[in-house]
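Dropping target.tsv in here (TSV, C-alpha atoms):
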chain	number	residue	atom	x	y	z
A	1	MET	CA	-8.38	-25.07	6.99
A	2	LYS	CA	-6.83	-21.94	8.54
A	3	ALA	CA	-3.55	-23.70	9.27
A	4	ALA	CA	-3.46	-25.23	5.78
A	5	ASN	CA	-4.01	-21.83	4.16
A	6	ARG	CA	-1.21	-20.27	6.17
A	7	MET	CA	1.20	-23.13	5.48
A	8	GLN	CA	0.63	-22.69	1.75
A	9	LEU	CA	1.29	-18.93	1.90
A	10	LYS	CA	4.31	-19.40	4.18
A	11	LYS	CA	6.11	-21.09	1.29
A	12	LEU	CA	6.03	-17.83	-0.68
A	13	ASN	CA	7.92	-14.56	-0.68
A	14	ILE	CA	5.21	-11.89	-0.62
A	15	VAL	CA	5.43	-8.16	-1.34
A	16	ALA	CA	2.50	-5.89	-0.46
A	17	ILE	CA	2.43	-2.39	-1.99
A	18	GLY	CA	0.22	0.56	-1.09
A	19	GLY	CA	-0.53	3.10	1.58
A	20	GLY	CA	-2.97	4.29	4.17
A	21	HIS	CA	-4.87	1.88	6.33
A	22	GLY	CA	-5.36	-0.65	3.52
A	23	LEU	CA	-1.73	-1.76	3.36
A	24	GLY	CA	-1.56	-1.80	7.15
A	25	ARG	CA	-4.45	-4.26	7.30
A	26	VAL	CA	-2.86	-6.49	4.64
A	27	LEU	CA	0.42	-6.56	6.59
A	28	CYS	CA	-1.48	-7.31	9.81
A	29	THR	CA	-3.33	-10.15	8.04
A	30	LEU	CA	-0.05	-11.63	6.77
A	31	SER	CA	2.07	-10.86	9.84
A	32	PHE	CA	2.57	-14.62	10.39
A	33	MET	CA	4.83	-14.51	7.30
A	34	GLY	CA	7.58	-12.78	9.30
A	35	ASN	CA	10.63	-11.97	7.20
A	36	LYS	CA	9.11	-13.56	4.06
A	37	LEU	CA	6.78	-10.54	3.86
A	38	THR	CA	7.78	-7.06	2.65
A	39	GLY	CA	5.66	-3.91	2.69
A	40	ILE	CA	6.43	-1.09	0.24
A	41	VAL	CA	4.71	2.05	1.50
A	42	THR	CA	3.41	5.18	-0.25
A	43	THR	CA	5.21	8.31	1.02
A	44	THR	CA	3.29	11.17	-0.65
A	45	ASP	CA	0.81	12.08	2.11
A	46	ASN	CA	0.72	15.82	2.86
A	47	GLY	CA	-2.16	15.98	5.33
A	48	GLY	CA	-2.59	15.80	9.10
A	49	SER	CA	0.38	15.37	11.41
A	50	THR	CA	2.52	14.11	8.52
A	51	GLY	CA	1.71	17.15	6.39
A	52	ARG	CA	2.62	19.54	9.20
A	53	LEU	CA	6.00	17.84	9.60
A	54	ARG	CA	6.60	18.00	5.85
A	55	LYS	CA	5.86	21.74	5.85
A	56	ARG	CA	8.37	22.21	8.68
A	57	SER	CA	11.23	20.74	6.64
A	58	SER	CA	11.69	18.54	3.60
A	59	THR	CA	10.97	14.93	4.57
A	60	ILE	CA	9.14	11.88	3.30
A	61	ALA	CA	5.65	11.24	4.63
A	62	TRP	CA	6.04	9.16	7.80
A	63	GLY	CA	2.39	8.52	8.71
A	64	ASP	CA	1.68	5.49	6.52
A	65	LEU	CA	5.03	3.94	7.44
A	66	ARG	CA	4.27	4.37	11.13
A	67	ASN	CA	0.80	2.86	10.67
A	68	CYS	CA	2.20	-0.17	8.84
A	69	LEU	CA	4.86	-0.76	11.49
A	70	THR	CA	2.34	-0.63	14.34
A	71	GLN	CA	-0.01	-3.01	12.51
A	72	LEU	CA	2.74	-5.63	12.78
A	73	VAL	CA	2.94	-5.59	16.58
A	74	ASP	CA	0.55	-6.55	19.38
A	75	GLN	CA	-2.01	-3.76	19.59
A	76	ASN	CA	-1.92	-3.94	23.39
A	77	SER	CA	1.87	-3.62	23.62
A	78	ILE	CA	3.61	-0.55	25.00
A	79	GLY	CA	5.31	-0.06	21.63
A	80	SER	CA	1.99	0.07	19.80
A	81	GLN	CA	0.48	2.46	22.35
A	82	LEU	CA	3.56	4.69	22.20
A	83	PHE	CA	3.73	4.94	18.41
A	84	ASN	CA	-0.04	5.40	18.03
A	85	PHE	CA	-0.39	8.03	20.76
A	86	ARG	CA	-1.87	11.30	19.48
A	87	PHE	CA	-1.60	14.61	21.32
A	88	GLU	CA	-4.81	16.50	22.03
A	89	GLY	CA	-5.38	20.24	22.30
A	90	ASN	CA	-4.84	23.26	20.08
A	91	ASP	CA	-1.17	23.97	20.81
A	92	GLU	CA	1.79	23.09	18.59
A	93	LEU	CA	1.64	19.42	19.63
A	94	GLY	CA	-2.12	19.13	19.25
A	95	GLY	CA	-3.05	16.60	16.55
A	96	HIS	CA	0.48	15.27	16.19
A	97	ASN	CA	1.08	11.54	16.38
A	98	LEU	CA	3.97	10.58	18.67
A	99	GLY	CA	5.12	7.85	16.30
A	100	ASN	CA	5.36	10.37	13.45
A	101	LEU	CA	7.42	12.68	15.65
A	102	ILE	CA	9.77	9.85	16.62
A	103	LEU	CA	10.29	8.80	13.01
A	104	TYR	CA	10.73	12.44	11.95
A	105	GLY	CA	13.31	13.00	14.70
A	106	LEU	CA	15.17	9.82	13.85
A	107	GLY	CA	15.18	10.92	10.21
A	108	LYS	CA	17.11	14.01	11.29
A	109	VAL	CA	19.76	12.14	13.29
A	110	GLN	CA	20.09	8.95	11.24
A	111	SER	CA	21.86	8.87	7.89
A	112	SER	CA	18.73	7.87	5.94
A	113	PRO	CA	15.02	7.09	6.35
A	114	MET	CA	15.87	3.41	5.87
A	115	ASP	CA	18.16	3.53	8.91
A	116	SER	CA	15.40	5.17	10.96
A	117	ILE	CA	12.91	2.46	9.99
A	118	LYS	CA	15.40	-0.32	10.79
A	119	LEU	CA	15.91	1.16	14.26
A	120	VAL	CA	12.14	1.36	14.90
A	121	ARG	CA	11.74	-2.23	13.67
A	122	ARG	CA	14.30	-3.32	16.25
A	123	ILE	CA	12.53	-1.34	18.99
A	124	LEU	CA	9.14	-2.84	18.09
A	125	ARG	CA	10.59	-6.28	17.24
A	126	VAL	CA	9.06	-6.26	13.77
A	127	ARG	CA	10.47	-9.05	11.59
A	128	THR	CA	8.67	-8.00	8.42
A	129	GLN	CA	10.59	-5.61	6.19
A	130	VAL	CA	8.76	-2.27	5.86
A	131	LEU	CA	10.19	0.02	3.18
A	132	PRO	CA	9.41	3.51	1.85
A	133	MET	CA	8.71	3.64	-1.87
A	134	SER	CA	11.55	6.19	-1.98
A	135	GLU	CA	13.83	7.94	0.48
A	136	THR	CA	13.42	11.22	-1.42
A	137	PRO	CA	10.49	13.55	-0.60
A	138	THR	CA	7.99	13.86	-3.44
A	139	ASP	CA	4.38	14.90	-4.07
A	140	LEU	CA	1.58	13.83	-6.36
A	141	MET	CA	0.78	16.01	-9.36
A	142	ALA	CA	-2.48	15.37	-11.20
A	143	PHE	CA	-3.57	16.82	-14.55
A	144	TYR	CA	-7.09	17.66	-15.70
A	145	PRO	CA	-8.08	16.82	-19.31
A	146	GLU	CA	-7.66	20.50	-20.32
A	147	GLY	CA	-4.14	20.63	-18.87
A	148	ARG	CA	-4.63	22.31	-15.48
A	149	CYS	CA	-2.91	20.53	-12.60
A	150	ARG	CA	-3.23	19.93	-8.87
A	151	LEU	CA	-0.27	19.41	-6.56
A	152	GLY	CA	-0.34	17.38	-3.35
A	153	GLU	CA	-2.21	14.32	-2.16
A	154	LEU	CA	-4.89	16.33	-0.34
A	155	SER	CA	-5.64	18.29	-3.50
A	156	VAL	CA	-5.74	15.13	-5.63
A	157	ASP	CA	-8.20	13.58	-3.17
A	158	GLU	CA	-10.55	16.54	-3.76
A	159	MET	CA	-10.60	16.31	-7.57
A	160	PRO	CA	-14.18	16.13	-8.88
A	161	ILE	CA	-13.18	14.19	-12.01
A	162	MET	CA	-10.60	11.55	-12.83
A	163	PRO	CA	-7.23	13.04	-13.80
A	164	THR	CA	-5.90	12.10	-17.22
A	165	ASP	CA	-2.38	11.80	-15.82
A	166	LEU	CA	-0.75	11.41	-12.43
A	167	MET	CA	2.96	11.84	-11.75
A	168	LEU	CA	5.47	12.44	-8.97
A	169	ALA	CA	7.03	15.86	-8.53
A	170	PRO	CA	9.94	15.57	-8.40
A	171	LEU	CA	10.56	12.20	-10.03
A	172	VAL	CA	12.32	9.96	-7.52
A	173	LYS	CA	14.14	6.66	-7.42
A	174	SER	CA	13.31	3.74	-5.15
A	175	VAL	CA	15.73	1.88	-2.87
A	176	LYS	CA	17.48	-1.35	-3.77
A	177	PRO	CA	15.70	-3.47	-1.10
A	178	CYS	CA	12.35	-2.57	-2.72
A	179	LEU	CA	13.53	-3.67	-6.15
A	180	ASP	CA	15.15	-6.84	-4.77
A	181	ALA	CA	11.95	-7.74	-2.88
A	182	ILE	CA	9.84	-7.35	-6.04
A	183	GLU	CA	12.33	-9.36	-8.10
A	184	ASN	CA	12.28	-12.22	-5.58
A	185	ALA	CA	8.53	-12.12	-4.88
A	186	ASP	CA	6.31	-15.09	-5.67
A	187	LEU	CA	3.23	-12.98	-4.96
A	188	ILE	CA	2.85	-9.18	-5.26
A	189	ILE	CA	-0.20	-7.55	-3.67
A	190	LEU	CA	-1.57	-4.11	-4.64
A	191	GLY	CA	-4.20	-2.43	-2.45
A	192	PRO	CA	-6.72	-2.15	-1.01
A	193	GLY	CA	-6.99	1.58	-0.48
A	194	SER	CA	-7.61	4.86	-2.24
A	195	PHE	CA	-6.84	4.23	-5.89
A	196	LEU	CA	-5.12	7.51	-6.75
A	197	THR	CA	-3.42	8.31	-3.45
A	198	SER	CA	-2.56	4.91	-1.92
A	199	VAL	CA	-2.36	2.24	-4.63
A	200	VAL	CA	-0.95	4.15	-7.61
A	201	PRO	CA	1.85	6.37	-6.14
A	202	PRO	CA	4.46	3.58	-5.69
A	203	LEU	CA	3.78	2.46	-9.27
A	204	LEU	CA	4.75	5.97	-10.45
A	205	VAL	CA	8.30	5.37	-9.21
A	206	ARG	CA	9.84	4.30	-12.51
A	207	ASP	CA	12.19	1.63	-11.22
A	208	ILE	CA	9.38	0.07	-9.17
A	209	ALA	CA	7.18	-0.03	-12.28
A	210	LYS	CA	10.04	-1.58	-14.28
A	211	ALA	CA	10.66	-4.18	-11.57
A	212	ILE	CA	6.96	-5.13	-11.54
A	213	ASP	CA	6.90	-5.28	-15.34
A	214	LYS	CA	9.78	-7.80	-15.21
A	215	ARG	CA	8.23	-9.75	-12.32
A	216	LYS	CA	8.52	-13.49	-12.07
A	217	GLY	CA	5.79	-13.60	-9.45
A	218	HIS	CA	2.03	-13.17	-9.73
A	219	CYS	CA	0.50	-9.75	-9.02
A	220	VAL	CA	-2.95	-9.50	-7.45
A	221	PHE	CA	-4.97	-6.35	-6.89
A	222	ILE	CA	-7.26	-6.36	-3.84
A	223	ASP	CA	-10.29	-4.18	-4.53
A	224	ASN	CA	-12.05	-2.14	-1.85
A	225	ILE	CA	-15.12	-3.61	-0.17
A	226	VAL	CA	-16.91	-0.25	-0.07
A	227	ALA	CA	-16.65	2.21	-2.96
A	228	GLU	CA	-14.28	5.06	-2.15
A	229	GLN	CA	-15.36	8.70	-2.28
A	230	SER	CA	-13.40	9.65	-5.38
A	231	PRO	CA	-13.79	9.74	-9.17
A	232	ALA	CA	-12.02	6.36	-9.34
A	233	ALA	CA	-15.14	4.77	-7.83
A	234	LYS	CA	-16.99	5.50	-11.09
A	235	LEU	CA	-14.52	3.49	-13.18
A	236	THR	CA	-15.00	-0.15	-14.11
A	237	LEU	CA	-12.21	-2.54	-13.19
A	238	ASP	CA	-10.87	-2.62	-16.75
A	239	GLU	CA	-11.00	1.19	-16.93
A	240	LYS	CA	-8.84	1.32	-13.78
A	241	LEU	CA	-6.40	-1.18	-15.25
A	242	ASN	CA	-6.22	0.72	-18.56
A	243	TRP	CA	-5.64	3.97	-16.66
A	244	ILE	CA	-2.76	2.41	-14.70
A	245	GLU	CA	-1.22	0.90	-17.83
A	246	ARG	CA	-1.33	4.24	-19.66
A	247	ASN	CA	0.19	6.12	-16.71
A	248	ILE	CA	3.03	3.74	-15.82
A	249	GLY	CA	3.71	2.09	-19.19
A	250	CYS	CA	2.97	-1.52	-18.27
A	251	MET	CA	0.20	-3.77	-16.95
A	252	PRO	CA	1.11	-4.65	-13.33
A	253	VAL	CA	-1.92	-6.82	-12.49
A	254	ASP	CA	-2.56	-10.51	-13.20
A	255	SER	CA	-5.57	-11.16	-10.93
A	256	VAL	CA	-8.11	-9.21	-8.90
A	257	ILE	CA	-9.71	-10.19	-5.58
A	258	CYS	CA	-13.04	-8.48	-5.00
A	259	GLN	CA	-16.26	-8.62	-3.00
A	260	ASP	CA	-18.74	-7.48	-5.66
A	261	GLU	CA	-20.02	-10.35	-7.82
A	262	ARG	CA	-20.92	-7.87	-10.58
A	263	ILE	CA	-17.24	-7.08	-11.24
A	264	SER	CA	-15.80	-8.69	-14.37
A	265	SER	CA	-12.80	-8.16	-16.61
A	266	ASP	CA	-11.64	-8.87	-20.13
A	267	LYS	CA	-8.03	-8.31	-19.07
A	268	VAL	CA	-7.37	-10.30	-15.88
A	269	ASN	CA	-8.65	-13.18	-13.76
A	270	VAL	CA	-11.26	-12.10	-11.18
A	271	ILE	CA	-11.69	-13.94	-7.87
A	272	CYS	CA	-14.93	-12.94	-6.18
A	273	GLN	CA	-15.44	-14.02	-2.57
A	274	ASP	CA	-17.05	-12.77	0.63
A	275	LEU	CA	-14.37	-10.63	2.28
A	276	THR	CA	-16.37	-8.51	4.73
A	277	HIS	CA	-15.46	-8.29	8.39
A	278	ASN	CA	-18.50	-9.27	10.49
A	279	LYS	CA	-18.16	-6.34	12.91
A	280	VAL	CA	-16.60	-3.66	10.65
A	281	PRO	CA	-18.32	-3.94	7.24
A	282	HIS	CA	-15.86	-1.68	5.39
A	283	HIS	CA	-12.86	-3.76	6.54
A	284	HIS	CA	-11.52	-6.96	4.99
A	285	ASP	CA	-11.76	-9.94	7.36
A	286	ASN	CA	-8.30	-11.41	7.99
A	287	GLU	CA	-9.19	-15.08	7.56
A	288	LYS	CA	-11.43	-14.43	4.56
A	289	LEU	CA	-8.65	-12.46	2.88
A	290	ILE	CA	-6.14	-15.23	3.58
A	291	HIS	CA	-8.55	-17.71	2.01
A	292	ALA	CA	-8.95	-15.49	-1.07
A	293	LEU	CA	-5.18	-15.18	-1.45
A	294	GLU	CA	-4.89	-18.94	-1.11
A	295	THR	CA	-7.49	-19.34	-3.87
A	296	CYS	CA	-5.42	-17.03	-6.05
A	297	VAL	CA	-2.23	-18.99	-5.36
A	298	ASN	CA	-3.96	-22.30	-6.14
A	299	GLN	CA	-5.10	-20.95	-9.51
A	300	ILE	CA	-1.60	-19.94	-10.57
A	301	SER	CA	-0.54	-22.38	-13.26
A	302	SER	CA	3.10	-21.21	-13.28
A	303	PRO	CA	5.22	-18.79	-11.21
A	304	ALA	CA	4.33	-15.92	-13.52
A	305	LYS	CA	1.04	-16.70	-15.26
A	306	ILE	CA	-2.53	-17.62	-14.51
A	307	GLU	CA	-5.26	-18.84	-16.83
A	308	ILE	CA	-8.20	-16.48	-17.00
A	309	ALA	CA	-11.32	-18.25	-15.79
A	310	SER	CA	-13.88	-18.78	-18.50

Could the structure of this file be written out as structure tokens, please?
Amino acid sequence: MKAANRMQLKKLNIVAIGGGHGLGRVLCTLSFMGNKLTGIVTTTDNGGSTGRLRKRSSTIAWGDLRNCLTQLVDQNSIGSQLFNFRFEGNDELGGHNLGNLILYGLGKVQSSPMDSIKLVRRILRVRTQVLPMSETPTDLMAFYPEGRCRLGELSVDEMPIMPTDLMLAPLVKSVKPCLDAIENADLIILGPGSFLTSVVPPLLVRDIAKAIDKRKGHCVFIDNIVAEQSPAAKLTLDEKLNWIERNIGCMPVDSVICQDERISSDKVNVICQDLTHNKVPHHHDNEKLIHALETCVNQISSPAKIEIAS
């Protein structure tokens, strides 16, 4: 069954979009896809090692990109150990991740972030294309119902209520390989991860949203197994979808894969299956997730549409 599932998915061009550890786990799960898989990574993080580097000079957030790249290599390899190494102590290096520093340094000597990532992919022998949502530094800006705003991903994470609007400041453009990958994708995956700070930011890049709106492929949203600690956790699935549609101007989701049997929708097809990792309950199990994606693919009645289950 495992081999059959993988053979079915291997026929597709797949794009996975998001940030944080969620996208990294999806890319790890689908790493057998090789160059038929593309990851488009959120670059708005302003916390931790990444945030300190961004304060030093204007740069995109490297942390999620580094995490996604290392998820695509053998975890016991020297490359993985090197790029995941974190300095200890309270000095200037303390808390910094070596992989972030390498990517930051390459960003200063290479002509573009894309060139830096290509070089690291060659070093780590990563076949899968890993792309930043934009090569231009930008931050999240969230607005309260009464008009006040918060700037920065860390600040958005701490909001006690759901923002009415979320935008990028400044507005940025994506890169052509991102748009080409979305255009050629048979399957587009959003999530899992923090709704406001991992899943949504790439959708706020206007040309990414336009490319998804014009998609020929099927777009599936993978919901979190455990409710996140944010106001988004209080929303129903359809409320999340309505919020996205209002903020980006289109509906990017065709199907949803979830763990909770109580989740339903009047807007999209819902595929509910056991997805929990046996040893790490808040993680998606690789084989279970592959099976759920295969179920989604089998339900697609055409390259772009799916019939909503009655």

Exercise. Got a sec: who's within 12 Å of region 278-285 of chain A, counting only C-alpha atoms, leaving out chain neighbours fewer than 6 positions off, as a ChimeraX atom specification?
Worked result: /A:21-26,28-30,191-193,222-228,257-259,291-292

Problem set entry | Selection near Ser265 (chain A), 10 Å with all atoms listed in the file, sequence-local residues under 6 positions removed, as a list of chain:residue names | A:Thr236, A:Leu237, A:Asp238, A:Glu239, A:Leu241, A:Ser255, A:Val256, A:Ile308

Would you pick out the contacts of Lys173 (chain A) at 9 Å or less, using all atoms listed in the file, so that residues sharing its chain but fewer than 5 positions from it are not included, and give the list as a CSV table (one decimal) with C-alpha atoms, keeping the file's coordinate frame?
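Result file selection-v2.csv:
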chain,number,residue,atom,x,y,z
A,133,MET,CA,8.7,3.6,-1.9
A,134,SER,CA,11.6,6.2,-2.0
A,135,GLU,CA,13.8,7.9,0.5
A,136,THR,CA,13.4,11.2,-1.4
A,205,VAL,CA,8.3,5.4,-9.2
A,206,ARG,CA,9.8,4.3,-12.5
A,207,ASP,CA,12.2,1.6,-11.2
A,208,ILE,CA,9.4,0.1,-9.2

For this session: Excluding region 64-77 of chain A and any residue of its chain fewer than 2 positions from it, enumerate the residues within 9 Å of it, using all atoms listed in the file, and give them as JSON, numbers by chain.
Result: {"A": [19, 20, 21, 23, 24, 25, 27, 28, 29, 30, 31, 39, 40, 41, 42, 43, 45, 50, 61, 62, 79, 80, 81, 82, 83, 84, 99, 100, 103, 117, 120, 121, 124, 125, 126, 127, 128, 130, 131, 132]}

Problem set entry | Sel. within 12 Å of pt (-2.4, 0.2, -17.4), counting only C-alpha atoms, output as a VMD selection string | chain A and resid 165 200 203 to 204 209 213 237 to 254 267 to 268

Enclose region 34-51 of chain A, meaning all of its atoms listed in the file, in a box aligned along x, y and z, pad it by 3 Å on each side, and list the centre and edge lengths in Å to one decimal, as AutoDock Vina command-line options.
--center_x 4.0 --center_y 1.8 --center_z 5.4 --size_x 19.2 --size_y 36.7 --size_z 18.1

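When CA of Phe87 (chain A) is paired with CA of Ile60 (chain A), their separation reads 21.2 Å.
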
Seminar exercise, completed: CA of Val175 (chain A) sits from CA of Val220 (chain A) at a separation of 22.3 Å
